[in-house]
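In what follows, a single structure is set out as structure tokens and then discussed.
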Amino acid sequence: MTQAVQTQEAAEQRESLLMRLVRRFADSRELTLLILVAALAIVMSVVYPNNFPTAPNLRAVLLNLAPVGILVCGMMLLMIAGSFDLSCGSTLALTGVWAGVVAGWWGWPAEIAILVGITVGALAGLVNGLIVTRIGINALIATLGTLTIYRSLTYVTAGTGVTPISDAFAAYGRASDPFLRIQSPFWVMLVIVLVGSWLVSRTRFFRQFYFVGGNPRAAQLSGIRVDRLTLVAFIIMGALAGIAGVFGAARLNSAVVNAGVGIELKVITATVLGGASLKGGEGTIIGGILGVLFIALIENAMIINAIGVFWQGMVVGLVLLFAVSLDRFKSSGRV
């Protein structure tokens, strides 16, 4: 009997140790993702030595994750504030098309086209924010509706798209650094990540978003203007979608009307994987970017293995379910 009790106590101690490890990893999402990304990169370098660790492939991975990374910065801020935006992919396409129309069809300077694209994105975010904060429609329904509206406006604006736009406009998306030779969208994303991370973690104004997402009622009673901050978050999300859309169109020298289709799934997956809670009040931009990098590596491994795009979507969906489950277990106190 004594031996049975000792065996049971030992098993409970092992389970307790395992749960403590799981809880530590769950609480430090950035550390967990950093370890997973490093481990995945090492495994891929060993398994695919002629494909993965090559300079062209790594440049392609970093360049392709740039639009998702830019959008994740805005989505993370929104989810910290307790909201989200399903229309970001449609906004990306709409802004790219407007920039293409201004530079390609109207012949205006590339700088004005870029400014117009970003402004269109900010206005789209403003509309989303007003629908949520002034009319009081749930963000899920509001942005699901504007997802369709903005995509339709994209087709109405440019039909089949604008191709080519102009060499002057394309130069902004194709410029690369002299050392790593990575084109400008990646560097634009990196600047946004660094500035956004500093703002969210160090400035008083942006720290308020955590209070808004954590407990909107308490934030309201403490004098924080919850609706105004939510509106600001939607405008920032729209402007970042504009930046992603404009630089994406510039890199291709083409404004594609179906750009960004389905990208909102990757954005939300990376954001939740990076530590954002569906209840709000949690998450960091660095965590979100690590989530983007993790998904990008998985997709790159599937591309190297010539796995179809439909299977890639399934994997992203499974990663989203895993991330949401981890958040659920963490919220319930089971990890």
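Identifiers in this document derive from the order of the structure tokens: chains are assigned A, B, ..., residues are numbered from 1 separately in each chain, and ligands are numbered from 1 in order of occurrence.
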
- Query: Residues at most 9 Å from Ile243 (chain A), counting only C-alpha atoms, excluding those fewer than 5 positions away in the same chain, as a PyMOL selection string?
  - Reply: chain A and resi 67+70+92+95-96+114+117-118+121+188+238+248

Based on the selection just made, write C-alpha atoms of those residues as a CSV table (one decimal), in the first residue's frame.
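Result file result.csv:
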```csv
chain,number,residue,atom,x,y,z
A,67,PRO,CA,2.8,42.3,-45.8
A,70,ILE,CA,2.8,44.9,-41.3
A,92,LEU,CA,-4.9,46.0,-48.7
A,95,THR,CA,-5.3,50.8,-51.3
A,96,GLY,CA,-3.0,49.1,-53.8
A,114,ILE,CA,1.7,56.3,-52.1
A,117,GLY,CA,-3.1,54.7,-51.0
A,118,ILE,CA,-2.3,55.1,-47.3
A,121,GLY,CA,-6.5,52.7,-45.9
A,188,VAL,CA,9.4,49.0,-44.1
A,238,GLY,CA,-6.3,50.7,-42.0
A,248,GLY,CA,3.0,45.2,-52.4
```

- DSSP on the backbone, then: every residue of region 138-242 of chain A marked alpha helix (DSSP H), written as a ChimeraX atom specification. /A:139-158,167-174,184-202,204-214,216-221,226-242

- Message: What's the separation between CA of Val246 (chain A) and CA of Leu273 (chain A), in Å to one decimal place?
- Response: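 Between CA of Val246 (chain A) and CA of Leu273 (chain A) the gap works out to 26.5 Å.
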
- Please provide the set of residues having any atom within 12 Å of Ala276 (chain A), restricted to only C-alpha atoms, with same-chain residues fewer than 2 positions apart removed, written as a PyMOL selection string. chain A and resi 26-30+72-73+75-84+210+213-214+267-274+278-289+291+320+323-324+326-328+330-331

- Item | Residue nearest Thr32 (chain A) - candidates A:Phe294, A:Tyr150, A:Phe234, A:Phe205, atoms counted: only C-alpha atoms |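 Answer, going by the shortest atom-to-atom distance: A:Phe294.
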
- Pick from A:Arg217, A:Ala39, A:Ala66, A:Arg59 nearest to Val191 (chain A), counting only C-alpha atoms: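 The shortest atom-to-atom distance to Val191 (chain A) comes from A:Ala66.
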
- Nearest to Lys266 (chain A) by atom-to-atom distance, counting only C-alpha atoms, from A:Ala306, A:Ala158, A:Ala170, A:Cys88: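 Looking at the shortest contact to Lys266 (chain A), the residue is A:Cys88.
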
- Computed interatomic separation between CA of Val120 (chain A) and CA of Thr230 (chain A) (Å):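 Pair CA of Val120 (chain A) / CA of Thr230 (chain A) returns 18.7 Å.
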
At most 12 Å is the cut-off: for each residue in region 171-209 of chain A with any atom that close to an atom of region 222-229 of chain A, write down the nearest atom pair and the distance in Å rounded to one decimal, counting only C-alpha atoms, chain first then increasing number, as JSON lines.
```
{"residue": "A:Arg204", "atom": "CA", "partner": "A:Ile224", "partner_atom": "CA", "distance": 11.7}
{"residue": "A:Phe205", "atom": "CA", "partner": "A:Leu229", "partner_atom": "CA", "distance": 9.1}
{"residue": "A:Phe206", "atom": "CA", "partner": "A:Leu229", "partner_atom": "CA", "distance": 8.8}
{"residue": "A:Arg207", "atom": "CA", "partner": "A:Leu229", "partner_atom": "CA", "distance": 10.7}
{"residue": "A:Gln208", "atom": "CA", "partner": "A:Ile224", "partner_atom": "CA", "distance": 7.5}
{"residue": "A:Phe209", "atom": "CA", "partner": "A:Leu229", "partner_atom": "CA", "distance": 7.0}
```

- Task: Go through A:Leu126, A:Asn50, A:Ser90, A:Leu33 one by one, measure the shortest atom-to-atom distance of each to Val232 (chain A) using only C-alpha atoms, and give the residue with the smallest value.
- Result: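 Of all the options, A:Leu126 lies closest to Val232 (chain A).
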
- Would you work out the distance separating CA of Phe322 (chain A) from CA of Gly308 (chain A), expressed in Å to one decimal?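 Rounded to one decimal, the two atoms are 21.6 Å apart.
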
- Residue nearest Pro49 (chain A) - candidates A:Glu264, A:Ala103, A:Leu140, A:Ala301, atoms counted: only C-alpha atoms: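 Answer, going by the shortest atom-to-atom distance: A:Ala301.
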
- Message: I'd like the neighbourhood of Val102 (chain A) as a ChimeraX atom specification, where a residue qualifies if any of its atoms comes within 7 Å (using only C-alpha atoms), though same-chain residues fewer than 5 positions away should be ignored.
- Response: /A:107-108,113

- With only C-alpha atoms as the atoms that count, which of A:Gly125, A:Pro53, A:Gly89, A:Gly317 lies nearest to Arg151 (chain A)? A:Gly89

- Task: For Leu123 (chain A), please output as a VMD selection string all residues within 9 Å (counting only C-alpha atoms; exclusion window: fewer than 4 positions along the same chain).
- Result: chain A and resid 118 to 119 127 to 128 235 238 to 239

Can I get the selected residues back with all heavy atoms, as a CSV table (one decimal), in the first residue's frame?
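Once written, again_22.csv looks like this:
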```csv
chain,number,residue,atom,x,y,z
A,118,ILE,N,-2.3,55.1,-48.7
A,118,ILE,CA,-2.3,55.1,-47.3
A,118,ILE,C,-3.5,55.8,-46.7
A,118,ILE,O,-4.1,55.3,-45.7
A,118,ILE,CB,-0.9,55.6,-46.7
A,118,ILE,CG1,0.2,54.8,-47.2
A,118,ILE,CG2,-1.0,55.7,-45.2
A,118,ILE,CD1,1.6,55.3,-46.8
A,119,THR,N,-3.8,56.9,-47.3
A,119,THR,CA,-5.0,57.7,-46.9
A,119,THR,C,-6.3,56.9,-47.0
A,119,THR,O,-7.1,56.9,-46.2
A,119,THR,CB,-5.1,59.0,-47.6
A,119,THR,OG1,-3.9,59.8,-47.4
A,119,THR,CG2,-6.3,59.8,-47.1
A,127,VAL,N,-13.9,54.2,-41.1
A,127,VAL,CA,-15.2,53.7,-41.3
A,127,VAL,C,-15.5,52.5,-40.4
A,127,VAL,O,-16.6,52.4,-39.7
A,127,VAL,CB,-15.5,53.4,-42.8
A,127,VAL,CG1,-16.8,52.6,-43.0
A,127,VAL,CG2,-15.4,54.6,-43.7
A,128,ASN,N,-14.6,51.6,-40.4
A,128,ASN,CA,-14.7,50.4,-39.5
A,128,ASN,C,-14.9,50.9,-38.0
A,128,ASN,O,-15.8,50.4,-37.3
A,128,ASN,CB,-13.5,49.5,-39.6
A,128,ASN,CG,-13.5,48.7,-40.9
A,128,ASN,OD1,-14.5,48.6,-41.6
A,128,ASN,ND2,-12.3,48.3,-41.3
A,235,ILE,N,-8.1,53.0,-37.2
A,235,ILE,CA,-7.4,53.9,-38.2
A,235,ILE,C,-6.0,53.5,-38.4
A,235,ILE,O,-5.6,53.4,-39.6
A,235,ILE,CB,-7.5,55.4,-37.7
A,235,ILE,CG1,-8.9,55.9,-37.7
A,235,ILE,CG2,-6.6,56.3,-38.6
A,235,ILE,CD1,-9.1,57.3,-37.1
A,238,GLY,N,-6.1,50.4,-40.6
A,238,GLY,CA,-6.3,50.7,-42.0
A,238,GLY,C,-5.1,51.3,-42.6
A,238,GLY,O,-4.8,51.0,-43.8
A,239,ALA,N,-4.4,52.2,-41.9
A,239,ALA,CA,-3.2,52.9,-42.5
A,239,ALA,C,-2.1,51.9,-42.8
A,239,ALA,O,-1.4,51.9,-43.8
A,239,ALA,CB,-2.7,54.0,-41.6
```
